[in-house]
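Below is one structure, written out as structure tokens, with a few remarks after it.
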Amino acid sequence: MEKAIRAVLEEAEKAYKKGEVPVGAVVVRNREIISRGHNQRITKNNAILHAEIVAISEACKKLGRWRLDDCELWVSLEPCVMCAGAIMQARIKNVNFLAEDKKGGAIMNKYTLFDDDLLPFNVDYHYIPVKEASDILKKFFQERRKKEKI
């Protein structure tokens, strides 16, 4: 768990240094990190390159399959609707996130997709608050607001 949290925060830091919203993700299988990802929407001009999507894509490539039902995802921010959909489609059974997204979170804030009995996917989730995950997001958006005022 500690190793996954550190890796997620490292990925968020990579995004931050690139001017991306600082979100990082890792896919874990058998207690081993098999893929990593961070936001790359701006640097690669691709709207879907959220950290979760990047990590899931890399895990699929590494394992040579699209089903990740023996994997779990660790992410620094509560996934959005798009990423929650990708998690369900990949059949990931467990998601752990380190910071809430009160504006766009699709798991326990804005929406509760993983609790929706109308959907055919079962995903367990855990919110594990980690101060560094929310701090880097706050810092990023404070800096961004200052730049926009200048």
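By convention here, the chains of the structure tokens are called A, B, ... in the order presented, each chain's residues are numbered starting at 1, and ligands are numbered starting at 1 in the order presented.
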(request) Show which residues sit within 6 Å of segment 78-95 of chain A, as a ChimeraX atom specification. Count only C-alpha atoms, and ignore same-chain residues fewer than 5 positions away. (result) /A:67-69,71-73,100-101,104-106,121,123-125
(request) Please return as a list of chain:residue names: the residues of segment 26-116 of chain A that backbone DSSP assigns to strand (DSSP E). (result) A:Val26, A:Val27, A:Val28, A:Arg29, A:Glu32, A:Ile33, A:Ile34, A:Ser35, A:Arg36, A:Gly37, A:His38, A:Cys71, A:Glu72, A:Leu73, A:Trp74, A:Val75, A:Asn94, A:Val95, A:Asn96, A:Phe97
Using the selection just defined, write its residues with N, CA, C and O atoms as a compact mmCIF listing (two decimals), in the first residue's frame.
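Final output, selection_18.txt:
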```
# COMPACT_ATOMS: atom_id res chain seq x y z
N VAL A 26 -1.53 4.26 -10.67
CA VAL A 26 -0.79 3.02 -10.90
C VAL A 26 -1.77 1.85 -10.88
O VAL A 26 -2.77 1.89 -10.19
N VAL A 27 -1.44 0.83 -11.67
CA VAL A 27 -2.18 -0.42 -11.63
C VAL A 27 -1.31 -1.43 -10.90
O VAL A 27 -0.11 -1.55 -11.19
N VAL A 28 -1.93 -2.12 -9.95
CA VAL A 28 -1.21 -3.09 -9.13
C VAL A 28 -1.81 -4.48 -9.36
O VAL A 28 -3.03 -4.64 -9.39
N ARG A 29 -0.93 -5.45 -9.52
CA ARG A 29 -1.34 -6.85 -9.68
C ARG A 29 -0.44 -7.70 -8.79
O ARG A 29 0.79 -7.56 -8.87
N GLU A 32 2.25 -5.92 -6.92
CA GLU A 32 3.35 -5.34 -7.70
C GLU A 32 2.79 -4.31 -8.67
O GLU A 32 1.77 -4.55 -9.34
N ILE A 33 3.45 -3.17 -8.77
CA ILE A 33 3.04 -2.13 -9.72
C ILE A 33 3.40 -2.60 -11.12
O ILE A 33 4.56 -2.88 -11.40
N ILE A 34 2.39 -2.69 -11.98
CA ILE A 34 2.66 -3.14 -13.34
C ILE A 34 2.58 -2.02 -14.37
O ILE A 34 3.06 -2.18 -15.49
N SER A 35 1.95 -0.89 -13.98
CA SER A 35 1.93 0.26 -14.90
C SER A 35 1.70 1.54 -14.11
O SER A 35 1.22 1.52 -12.99
N ARG A 36 2.09 2.63 -14.75
CA ARG A 36 1.98 3.96 -14.15
C ARG A 36 1.40 4.91 -15.19
O ARG A 36 1.55 4.69 -16.38
N GLY A 37 0.83 5.99 -14.68
CA GLY A 37 0.34 7.01 -15.60
C GLY A 37 0.12 8.32 -14.87
O GLY A 37 -0.05 8.35 -13.66
N HIS A 38 0.18 9.41 -15.63
CA HIS A 38 -0.15 10.73 -15.10
C HIS A 38 -0.85 11.51 -16.21
O HIS A 38 -0.80 11.11 -17.38
N CYS A 71 -6.52 -7.03 -11.05
CA CYS A 71 -5.72 -5.84 -10.76
C CYS A 71 -6.53 -4.84 -9.93
O CYS A 71 -7.76 -4.91 -9.89
N GLU A 72 -5.80 -3.94 -9.30
CA GLU A 72 -6.45 -2.82 -8.62
C GLU A 72 -5.78 -1.53 -9.10
O GLU A 72 -4.65 -1.54 -9.56
N LEU A 73 -6.53 -0.45 -8.99
CA LEU A 73 -6.04 0.86 -9.42
C LEU A 73 -5.89 1.76 -8.20
O LEU A 73 -6.77 1.80 -7.34
N TRP A 74 -4.76 2.43 -8.15
CA TRP A 74 -4.51 3.47 -7.15
C TRP A 74 -4.40 4.77 -7.91
O TRP A 74 -3.70 4.85 -8.92
N VAL A 75 -5.09 5.81 -7.44
CA VAL A 75 -5.09 7.10 -8.14
C VAL A 75 -5.13 8.22 -7.11
O VAL A 75 -5.72 8.08 -6.04
N ASN A 94 -11.05 -3.19 -7.83
CA ASN A 94 -10.85 -2.33 -6.67
C ASN A 94 -10.12 -1.05 -7.07
O ASN A 94 -9.14 -1.10 -7.80
N VAL A 95 -10.63 0.08 -6.56
CA VAL A 95 -10.01 1.38 -6.81
C VAL A 95 -9.77 2.06 -5.47
O VAL A 95 -10.65 2.08 -4.61
N ASN A 96 -8.56 2.59 -5.31
CA ASN A 96 -8.20 3.35 -4.11
C ASN A 96 -7.83 4.75 -4.56
O ASN A 96 -6.98 4.90 -5.45
N PHE A 97 -8.46 5.77 -3.98
CA PHE A 97 -8.09 7.14 -4.36
C PHE A 97 -7.76 7.94 -3.12
O PHE A 97 -8.27 7.68 -2.03
```
I want to know what sits within 10 Å of segment 138-142 of chain A, based on only C-alpha atoms, with residues of the same chain fewer than 2 positions away left out; could you give that as a PDB file with C-alpha atoms, in the first residue's frame?
```
ATOM      1  CA  TYR A  16       2.645  19.004 -12.088  1.00  0.00           C
ATOM      2  CA  LYS A  17       6.122  19.677 -13.525  1.00  0.00           C
ATOM      3  CA  GLY A  19       1.903  21.982 -16.234  1.00  0.00           C
ATOM      4  CA  GLU A  20      -0.747  19.267 -16.224  1.00  0.00           C
ATOM      5  CA  VAL A  21      -3.359  18.857 -13.505  1.00  0.00           C
ATOM      6  CA  PRO A  22      -1.298  16.809 -11.021  1.00  0.00           C
ATOM      7  CA  GLU A 132       0.086  15.324  -0.210  1.00  0.00           C
ATOM      8  CA  ALA A 133      -2.419  14.322  -2.905  1.00  0.00           C
ATOM      9  CA  SER A 134      -4.816  17.158  -2.100  1.00  0.00           C
ATOM     10  CA  ASP A 135      -1.988  19.622  -1.348  1.00  0.00           C
ATOM     11  CA  ILE A 136      -0.411  19.339  -4.808  1.00  0.00           C
ATOM     12  CA  ARG A 144      -2.995  28.793 -12.074  1.00  0.00           C
ATOM     13  CA  ARG A 145      -5.435  31.372 -10.683  1.00  0.00           C
ATOM     14  CA  LYS A 146      -2.530  33.769  -9.935  1.00  0.00           C
ATOM     15  CA  LYS A 147      -1.255  33.445 -13.524  1.00  0.00           C
TER      16      LYS A 147
END
```
(message) Please determine, counting only C-alpha atoms, which residue among A:Met1, A:Leu77, A:Ile42, A:Ile48 has the shortest atom-to-atom distance to Lys102 of chain A.
(response)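 Once distances to Lys102 of chain A are computed over only C-alpha atoms, the minimum belongs to A:Leu77.
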(message) When DSSP is applied to the backbone of this structure, which of chain A are assigned alpha helix (DSSP H)? Write them out as a PyMOL selection string.
(response) chain A and resi 2-17+51-63+81-89+131-149
Please produce a file of the residues just selected, as an mmCIF file, in the first residue's frame, where the atoms kept are C-alpha atoms.
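Wrote it out as selection-v4.cif, contents follow:
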```
data_model
loop_
_atom_site.group_PDB
_atom_site.id
_atom_site.type_symbol
_atom_site.label_atom_id
_atom_site.label_comp_id
_atom_site.auth_asym_id
_atom_site.auth_seq_id
_atom_site.Cartn_x
_atom_site.Cartn_y
_atom_site.Cartn_z
ATOM 1 C CA GLU A 2 2.750 2.447 0.953
ATOM 2 C CA LYS A 3 4.637 1.669 -2.265
ATOM 3 C CA ALA A 4 1.534 2.312 -4.390
ATOM 4 C CA ILE A 5 0.820 5.603 -2.627
ATOM 5 C CA ARG A 6 4.403 6.801 -3.176
ATOM 6 C CA ALA A 7 4.239 5.824 -6.859
ATOM 7 C CA VAL A 8 0.923 7.642 -7.346
ATOM 8 C CA LEU A 9 2.341 10.803 -5.762
ATOM 9 C CA GLU A 10 5.474 10.557 -7.963
ATOM 10 C CA GLU A 11 3.268 10.382 -11.049
ATOM 11 C CA ALA A 12 1.227 13.375 -9.865
ATOM 12 C CA GLU A 13 4.477 15.308 -9.409
ATOM 13 C CA LYS A 14 5.498 14.466 -13.013
ATOM 14 C CA ALA A 15 2.206 15.901 -14.257
ATOM 15 C CA TYR A 16 2.645 19.004 -12.088
ATOM 16 C CA LYS A 17 6.122 19.677 -13.525
ATOM 17 C CA ALA A 51 -3.777 9.368 -15.454
ATOM 18 C CA GLU A 52 -6.161 6.424 -15.049
ATOM 19 C CA ILE A 53 -6.554 5.925 -18.800
ATOM 20 C CA VAL A 54 -2.785 5.999 -19.325
ATOM 21 C CA ALA A 55 -2.154 3.490 -16.510
ATOM 22 C CA ILE A 56 -4.956 1.175 -17.672
ATOM 23 C CA SER A 57 -3.706 1.281 -21.287
ATOM 24 C CA GLU A 58 -0.160 0.441 -20.193
ATOM 25 C CA ALA A 59 -1.385 -2.427 -18.002
ATOM 26 C CA CYS A 60 -3.398 -3.894 -20.896
ATOM 27 C CA LYS A 61 -0.376 -3.627 -23.167
ATOM 28 C CA LYS A 62 1.934 -5.238 -20.593
ATOM 29 C CA LEU A 63 -0.434 -8.126 -19.822
ATOM 30 C CA VAL A 81 -17.100 9.791 -15.195
ATOM 31 C CA MET A 82 -14.877 8.904 -18.171
ATOM 32 C CA CYS A 83 -12.276 7.198 -16.004
ATOM 33 C CA ALA A 84 -14.886 5.398 -13.907
ATOM 34 C CA GLY A 85 -16.287 4.025 -17.169
ATOM 35 C CA ALA A 86 -12.850 2.859 -18.282
ATOM 36 C CA ILE A 87 -12.274 1.209 -14.898
ATOM 37 C CA MET A 88 -15.551 -0.683 -15.221
ATOM 38 C CA GLN A 89 -14.859 -1.655 -18.829
ATOM 39 C CA LYS A 131 -2.641 15.118 2.465
ATOM 40 C CA GLU A 132 0.086 15.324 -0.210
ATOM 41 C CA ALA A 133 -2.419 14.322 -2.905
ATOM 42 C CA SER A 134 -4.816 17.158 -2.100
ATOM 43 C CA ASP A 135 -1.988 19.622 -1.348
ATOM 44 C CA ILE A 136 -0.411 19.339 -4.808
ATOM 45 C CA LEU A 137 -3.812 19.904 -6.432
ATOM 46 C CA LYS A 138 -4.497 22.964 -4.277
ATOM 47 C CA LYS A 139 -1.042 24.358 -5.055
ATOM 48 C CA PHE A 140 -1.501 23.778 -8.783
ATOM 49 C CA PHE A 141 -4.858 25.564 -8.961
ATOM 50 C CA GLN A 142 -3.712 28.452 -6.723
ATOM 51 C CA GLU A 143 -0.744 29.036 -9.042
ATOM 52 C CA ARG A 144 -2.995 28.793 -12.074
ATOM 53 C CA ARG A 145 -5.435 31.372 -10.683
ATOM 54 C CA LYS A 146 -2.530 33.769 -9.935
ATOM 55 C CA LYS A 147 -1.255 33.445 -13.524
ATOM 56 C CA GLU A 148 -4.711 34.121 -14.936
ATOM 57 C CA LYS A 149 -5.025 37.360 -12.935
#
```
(message) One number please: atom CA of Arg65 of chain A to atom CA of Pro120 of chain A, in Å, one decimal.
(response)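 These atoms are spaced 20.3 Å apart.
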